[in-house]
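Heads up, model-v7.txt below (compact mmCIF, C-alpha atoms):
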```txt
# COMPACT_ATOMS: atom_id res chain seq x y z
CA MET Q 1 33.47 166.91 -164.89
CA THR Q 2 33.76 164.12 -162.35
CA CYS Q 3 34.78 166.66 -159.72
CA LEU Q 4 31.80 168.82 -160.61
CA VAL Q 5 29.44 165.85 -160.29
CA ARG Q 6 30.94 164.83 -156.97
CA GLY Q 7 30.78 168.41 -155.75
CA GLY Q 8 27.16 168.66 -156.79
CA LEU Q 9 26.28 165.41 -155.05
CA ALA Q 10 28.08 166.55 -151.88
CA GLY Q 11 26.13 169.80 -152.00
CA LEU Q 12 22.87 167.90 -152.31
CA VAL Q 13 23.75 165.70 -149.34
CA VAL Q 14 24.67 168.69 -147.18
CA GLY Q 15 21.55 170.54 -148.26
CA ALA Q 16 19.36 167.55 -147.46
CA GLY Q 17 21.00 167.30 -144.04
CA VAL Q 18 20.35 170.96 -143.30
CA LEU Q 19 16.71 170.64 -144.34
CA ALA Q 20 16.27 167.51 -142.23
CA ALA Q 21 17.81 169.23 -139.20
CA ARG Q 22 15.57 172.27 -139.69
CA ARG Q 23 12.50 170.05 -140.00
CA ALA Q 24 13.39 168.22 -136.79
CA GLN Q 25 14.00 171.33 -134.70
CA MET Q 26 10.82 173.02 -135.93
CA ARG Q 27 8.69 170.13 -134.65
CA TRP Q 28 10.72 168.85 -131.68
CA GLY Q 29 8.60 166.65 -129.40
CA ALA Q 30 5.30 167.51 -131.09
CA THR Q 31 2.94 164.87 -132.44
CA ALA Q 32 1.45 165.09 -135.91
CA ALA Q 33 -1.88 166.08 -134.37
CA GLU Q 34 -0.28 168.85 -132.31
CA ARG Q 35 1.54 170.22 -135.33
CA THR Q 36 -1.61 170.46 -137.42
CA THR Q 37 -4.24 171.43 -134.87
CA THR Q 38 -5.37 175.04 -134.47
CA LEU Q 39 -4.10 176.56 -131.24
CA PRO Q 40 -4.96 179.82 -129.45
CA GLY Q 41 -3.11 182.66 -131.15
CA ASP Q 42 -3.04 181.16 -134.65
CA ALA Q 43 -5.69 183.61 -135.85
CA LEU Q 44 -3.55 186.59 -134.83
CA LEU Q 45 -1.15 185.89 -137.72
CA PRO Q 46 -3.16 183.92 -140.30
CA GLY Q 47 -0.56 184.53 -143.01
CA ALA Q 48 2.46 183.37 -141.01
CA ASP Q 49 5.24 182.12 -143.29
CA VAL Q 50 7.30 180.32 -140.63
CA VAL Q 51 5.71 178.11 -137.95
CA ALA Q 52 7.40 175.98 -135.31
CA THR Q 53 5.48 173.70 -132.94
CA ARG Q 54 7.32 171.98 -130.10
CA ALA Q 55 6.02 169.99 -127.16
CA VAL Q 56 6.86 167.91 -124.12
CA ALA Q 57 4.98 165.29 -122.10
CA ILE Q 58 4.73 166.07 -118.39
CA ALA Q 59 3.92 163.53 -115.68
CA ALA Q 60 1.77 166.00 -113.78
CA ALA Q 61 -1.81 167.21 -113.98
CA PRO Q 62 -2.44 170.24 -116.21
CA GLU Q 63 -3.34 172.36 -113.17
CA LEU Q 64 0.19 171.81 -111.84
CA VAL Q 65 1.75 172.87 -115.14
CA TRP Q 66 -0.19 176.08 -115.71
CA PRO Q 67 1.29 178.06 -112.76
CA TRP Q 68 4.76 177.76 -114.30
CA VAL Q 69 3.42 179.06 -117.62
CA ALA Q 70 1.48 181.91 -115.99
CA GLN Q 71 4.61 183.34 -114.37
CA LEU Q 72 6.82 183.26 -117.48
CA GLY Q 73 8.83 186.37 -118.29
CA GLN Q 74 11.80 188.46 -117.21
CA GLY Q 75 11.21 190.05 -113.82
CA ARG Q 76 8.79 187.22 -113.03
CA GLY Q 77 9.47 183.48 -113.15
CA GLY Q 78 12.02 183.72 -115.95
CA LEU Q 79 12.02 181.42 -118.97
CA TYR Q 80 13.38 178.25 -117.31
CA SER Q 81 16.11 178.12 -119.93
CA TYR Q 82 19.81 179.05 -120.03
CA ASP Q 83 19.83 182.01 -117.65
CA ALA Q 84 23.61 182.40 -117.85
CA LEU Q 85 23.53 182.78 -121.64
CA GLU Q 86 20.58 185.18 -121.52
CA ASN Q 87 22.31 187.27 -118.89
CA LEU Q 88 25.38 187.68 -121.11
CA VAL Q 89 23.24 190.11 -123.14
CA GLY Q 90 21.81 191.84 -120.07
CA CYS Q 91 18.50 190.00 -119.75
CA ASP Q 92 18.77 189.80 -115.95
CA MET Q 93 16.90 186.50 -116.11
CA HIS Q 94 16.43 184.39 -113.00
CA SER Q 95 14.30 181.28 -113.49
CA ALA Q 96 12.14 180.50 -110.47
CA ASP Q 97 12.04 177.11 -108.80
CA ARG Q 98 8.77 177.80 -107.01
CA VAL Q 99 5.30 179.02 -107.89
CA VAL Q 100 4.92 182.65 -106.79
CA PRO Q 101 1.30 183.69 -106.11
CA GLU Q 102 1.91 187.34 -107.08
CA TRP Q 103 2.90 186.27 -110.60
CA GLN Q 104 -0.17 184.17 -111.33
CA ASP Q 105 -2.54 186.96 -112.37
CA VAL Q 106 -1.57 187.56 -115.99
CA GLN Q 107 -3.84 189.77 -118.11
CA VAL Q 108 -4.22 190.69 -121.78
CA GLY Q 109 -2.17 193.81 -122.43
CA ASP Q 110 0.47 193.00 -119.82
CA ALA Q 111 4.13 193.28 -120.76
CA PHE Q 112 5.89 189.96 -121.31
CA ARG Q 113 9.51 190.89 -120.83
CA LEU Q 114 12.46 189.20 -122.50
CA HIS Q 115 14.85 191.87 -121.20
CA PRO Q 116 14.43 194.84 -118.83
CA ASP Q 117 14.16 197.10 -121.90
CA LEU Q 118 12.36 194.73 -124.27
CA ALA Q 119 8.86 193.33 -123.97
CA LEU Q 120 6.27 191.52 -126.04
CA THR Q 121 2.58 191.99 -125.22
CA VAL Q 122 0.21 189.43 -123.73
CA ALA Q 123 -2.43 188.94 -126.44
CA ILE Q 124 -4.49 186.01 -125.17
CA VAL Q 125 -4.99 184.43 -121.75
CA GLU Q 126 -7.10 181.35 -121.15
CA PRO Q 127 -6.41 180.65 -117.46
CA GLY Q 128 -5.31 177.11 -116.88
CA ARG Q 129 -4.80 176.47 -120.59
CA ALA Q 130 -3.19 179.10 -122.81
CA LEU Q 131 -0.92 182.13 -122.80
CA VAL Q 132 -0.15 183.89 -126.09
CA VAL Q 133 2.21 186.84 -126.50
CA GLN Q 134 2.86 188.93 -129.58
CA GLY Q 135 5.46 191.37 -130.88
CA GLY Q 136 8.99 191.41 -132.26
CA VAL Q 137 12.57 192.23 -131.34
CA PRO Q 138 13.79 195.50 -132.92
CA MET Q 139 17.32 195.87 -134.25
CA GLY Q 140 18.48 198.98 -132.44
CA GLU Q 141 16.40 201.81 -133.86
CA VAL Q 142 15.09 199.63 -136.71
CA ALA Q 143 11.67 198.04 -136.25
CA PRO Q 144 11.62 194.22 -136.37
CA PRO Q 145 11.20 192.89 -139.93
CA TYR Q 146 8.53 190.45 -138.77
CA ASP Q 147 5.54 190.03 -136.49
CA PHE Q 148 5.57 187.15 -134.06
CA THR Q 149 3.25 185.18 -131.80
CA TRP Q 150 4.39 182.80 -129.10
CA ALA Q 151 1.75 180.46 -127.70
CA PHE Q 152 2.08 178.27 -124.61
CA VAL Q 153 -0.76 175.76 -124.43
CA VAL Q 154 -1.33 173.19 -121.68
CA LEU Q 155 -3.23 170.14 -122.90
CA GLY Q 156 -4.51 167.13 -121.03
CA GLY Q 157 -2.57 163.94 -121.63
CA PRO Q 158 -3.32 160.29 -120.81
CA ASP Q 159 -3.88 159.18 -117.21
CA GLY Q 160 -4.17 162.69 -115.80
CA THR Q 161 -0.84 163.87 -117.22
CA ALA Q 162 -0.26 166.93 -119.37
CA ARG Q 163 1.43 168.10 -122.53
CA LEU Q 164 2.87 171.55 -122.98
CA VAL Q 165 2.75 172.69 -126.61
CA VAL Q 166 4.65 175.80 -127.64
CA ARG Q 167 4.04 177.36 -131.05
CA GLU Q 168 5.96 180.19 -132.70
CA ARG Q 169 4.47 181.94 -135.73
CA TYR Q 170 6.39 184.52 -137.77
CA LEU Q 171 5.09 186.82 -140.47
CA THR Q 172 7.98 188.56 -142.22
CA THR Q 173 7.46 192.12 -143.42
CA HIS Q 174 10.71 192.58 -145.39
CA ARG Q 175 12.59 190.32 -147.80
CA TRP Q 176 15.61 190.13 -145.54
CA GLY Q 177 13.36 189.35 -142.59
CA ARG Q 178 13.10 185.68 -143.61
CA ALA Q 179 16.85 185.14 -143.20
CA MET Q 180 16.69 186.79 -139.79
CA VAL Q 181 13.76 184.61 -138.75
CA GLU Q 182 15.62 181.46 -139.80
CA LEU Q 183 18.54 182.48 -137.58
CA ILE Q 184 16.21 183.32 -134.71
CA GLY Q 185 14.57 179.93 -135.17
CA VAL Q 186 17.83 178.08 -134.51
CA VAL Q 187 18.47 180.05 -131.32
CA SER Q 188 14.84 179.66 -130.30
CA PHE Q 189 15.03 175.89 -130.67
CA VAL Q 190 18.00 175.64 -128.32
CA MET Q 191 16.36 177.87 -125.72
CA SER Q 192 12.85 176.38 -126.14
CA GLU Q 193 14.00 172.80 -125.69
CA LYS Q 194 15.61 173.78 -122.40
CA MET Q 195 12.51 175.77 -121.39
CA LEU Q 196 10.16 172.86 -122.10
CA ARG Q 197 12.35 170.55 -120.05
CA GLY Q 198 12.53 173.21 -117.34
CA VAL Q 199 8.75 173.40 -117.02
CA LYS Q 200 8.52 169.61 -117.11
CA ASP Q 201 11.03 169.18 -114.28
CA ARG Q 202 9.38 171.84 -112.12
CA ALA Q 203 5.83 170.58 -112.64
CA GLU Q 204 6.80 166.98 -112.01
CA ALA Q 205 8.64 167.95 -108.83
CA LEU Q 206 5.54 169.86 -107.73
CA ALA Q 207 3.38 166.83 -108.49
CA LEU Q 208 5.60 164.64 -106.32
CA GLY Q 209 5.32 167.17 -103.52
CA VAL Q 210 1.55 167.23 -103.80
CA ALA Q 211 1.40 163.44 -103.83
CA THR Q 212 3.42 163.15 -100.64
```
In structure tokens, write the structure found in this file.
Amino acid sequence: MTCLVRGGLAGLVVGAGVLAARRAQMRWGATAAERTTTLPGDALLPGADVVATRAVAIAAAPELVWPWVAQLGQGRGGLYSYDALENLVGCDMHSADRVVPEWQDVQVGDAFRLHPDLALTVAIVEPGRALVVQGGVPMGEVAPPYDFTWAFVVLGGPDGTARLVVRERYLTTHRWGRAMVELIGVVSFVMSEKMLRGVKDRAEALALGVAT
């Protein structure tokens, strides 16, 4: 009985740790206000059952952050994340270190590529402020068991700085889709943290260049 009690307590501790880790990665860097505020794209999936909101503070004006957001996507500016890992699965991702004028004109309905053969669709564009894409990743010939929105929102911070808030919303359409979304969420956290830092570093370097 003692072993059963100890085993049960150990299970509770491990479970609590897993839940705490999930909670932390789903809200990495975001303030309480950012997690609860309505952002562009939320209305596209009002019944979303999984939501992650992550953010980073950037020591640059919002207008120096937006160009990096506008050119996101494979075949454009990349995702500013782990290119080498993405390219192991054929993404052909090459994150840009400069703002490219030809990639700044993003329109609703444009393809937002994650891979040469896989694209989400640009659903909302608010130039200078918000880019929202929507879609899902199929499993071979099987349609994705969820719908998904990915919002990139540039907000003004204190003293002329900016904050980049990224929100993922998932609406599962099959029972087994929730397990898949939870797995995707872990991978997304790793890649998104690097992406947020990538935009931060690029925008801050641009700000220094502008200042000098």
Restrict the calculation to only C-alpha atoms, then for each residue of segment 127-170 of chain Q with any atom at most 12 Å from an atom of segment 96-107 of chain Q give the closest atom pair and their distance in Å to one decimal, rows by chain and rising residue number, as JSON lines.
```
{"residue": "Q:Pro127", "atom": "CA", "partner": "Q:Val106", "partner_atom": "CA", "distance": 8.6}
{"residue": "Q:Gly128", "atom": "CA", "partner": "Q:Gln104", "partner_atom": "CA", "distance": 10.3}
{"residue": "Q:Ala130", "atom": "CA", "partner": "Q:Val106", "partner_atom": "CA", "distance": 11.0}
{"residue": "Q:Leu131", "atom": "CA", "partner": "Q:Val106", "partner_atom": "CA", "distance": 8.7}
{"residue": "Q:Val132", "atom": "CA", "partner": "Q:Gln107", "partner_atom": "CA", "distance": 10.6}
{"residue": "Q:Val133", "atom": "CA", "partner": "Q:Gln107", "partner_atom": "CA", "distance": 10.8}
```
Task: Top pick for closest residue to Pro116 of chain Q, considering Q:Ala43, Q:Val50, Q:Val137, Q:Met93 and counting all atoms listed in the file - done: Q:Met93
Task: segment 27-39 of chain Q environment, 7 Å, only C-alpha atoms, sequence neighbours closer than 3 positions dropped, as a list in words - done: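 Surrounding residues, per the criterion: Arg23, Ala24, Asp42, Ala52, Thr53, Arg54, Ala55 and Val56 of chain Q.
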Based on the selection just made, write C-alpha atoms of those residues as a PDB file, in the coordinates of the input.
```pdb
ATOM      1  CA  ARG Q  23      12.500 170.050-140.000  1.00  0.00           C
ATOM      2  CA  ALA Q  24      13.390 168.220-136.790  1.00  0.00           C
ATOM      3  CA  ASP Q  42      -3.040 181.160-134.650  1.00  0.00           C
ATOM      4  CA  ALA Q  52       7.400 175.980-135.310  1.00  0.00           C
ATOM      5  CA  THR Q  53       5.480 173.700-132.940  1.00  0.00           C
ATOM      6  CA  ARG Q  54       7.320 171.980-130.100  1.00  0.00           C
ATOM      7  CA  ALA Q  55       6.020 169.990-127.160  1.00  0.00           C
ATOM      8  CA  VAL Q  56       6.860 167.910-124.120  1.00  0.00           C
TER       9      VAL Q  56
END
```
Task: For atom CA of Ala179 of chain Q and atom CA of Arg22 of chain Q, the interatomic separation in Å (one decimal) - done: 13.4 Å
- [ ] Quick one: everything within 8 Å of Thr161 of chain Q, counting all atoms listed in the file, minus sequence neighbours fewer than 5 positions away in the same chain. Send it as a ChimeraX atom specification.
- [x] /Q:57-62,156
- [ ] Take the point (13.4, 183.8, -136.7) as written in the file and pick out every residue within 10 Å of it, counting all atoms listed in the file; give the list as a PyMOL selection string.
- [x] chain Q and resi 50-52+136+145-146+148+168-172+177-188
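Between atom CA of Ser192 of chain Q and atom CA of Ser81 of chain Q the interatomic distance comes to 7.2 Å.
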- [ ] Determine the nearest neighbour of Met195 of chain Q from the options Q:Gly73, Q:Pro158, Q:Pro40, Q:Pro144, counting only C-alpha atoms.
- [x]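 With only C-alpha atoms as the atom set, the closest residue is Q:Gly73.
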Open item on the list: Could you check the closest approach to Arg163 of chain Q for each of Q:Val125, Q:Val108, Q:Val190, Q:Leu64 and tell me which residue wins, using all atoms listed in the file?
Closed with: Q:Leu64
Open item on the list: Just the number, please: distance in Å from atom CA of Val153 of chain Q to atom CA of Arg167 of chain Q, one decimal.
Closed with: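 It comes out at 8.3 Å.
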Exercise on segment 76-82 of chain Q, axis-aligned box with 8 Å per side, report centre and edge lengths in Å to one decimal, as JSON:
```
{"center_x": 14.3, "center_y": 182.7, "center_z": -116.5, "size_x": 27.0, "size_y": 25.1, "size_z": 23.0}
```
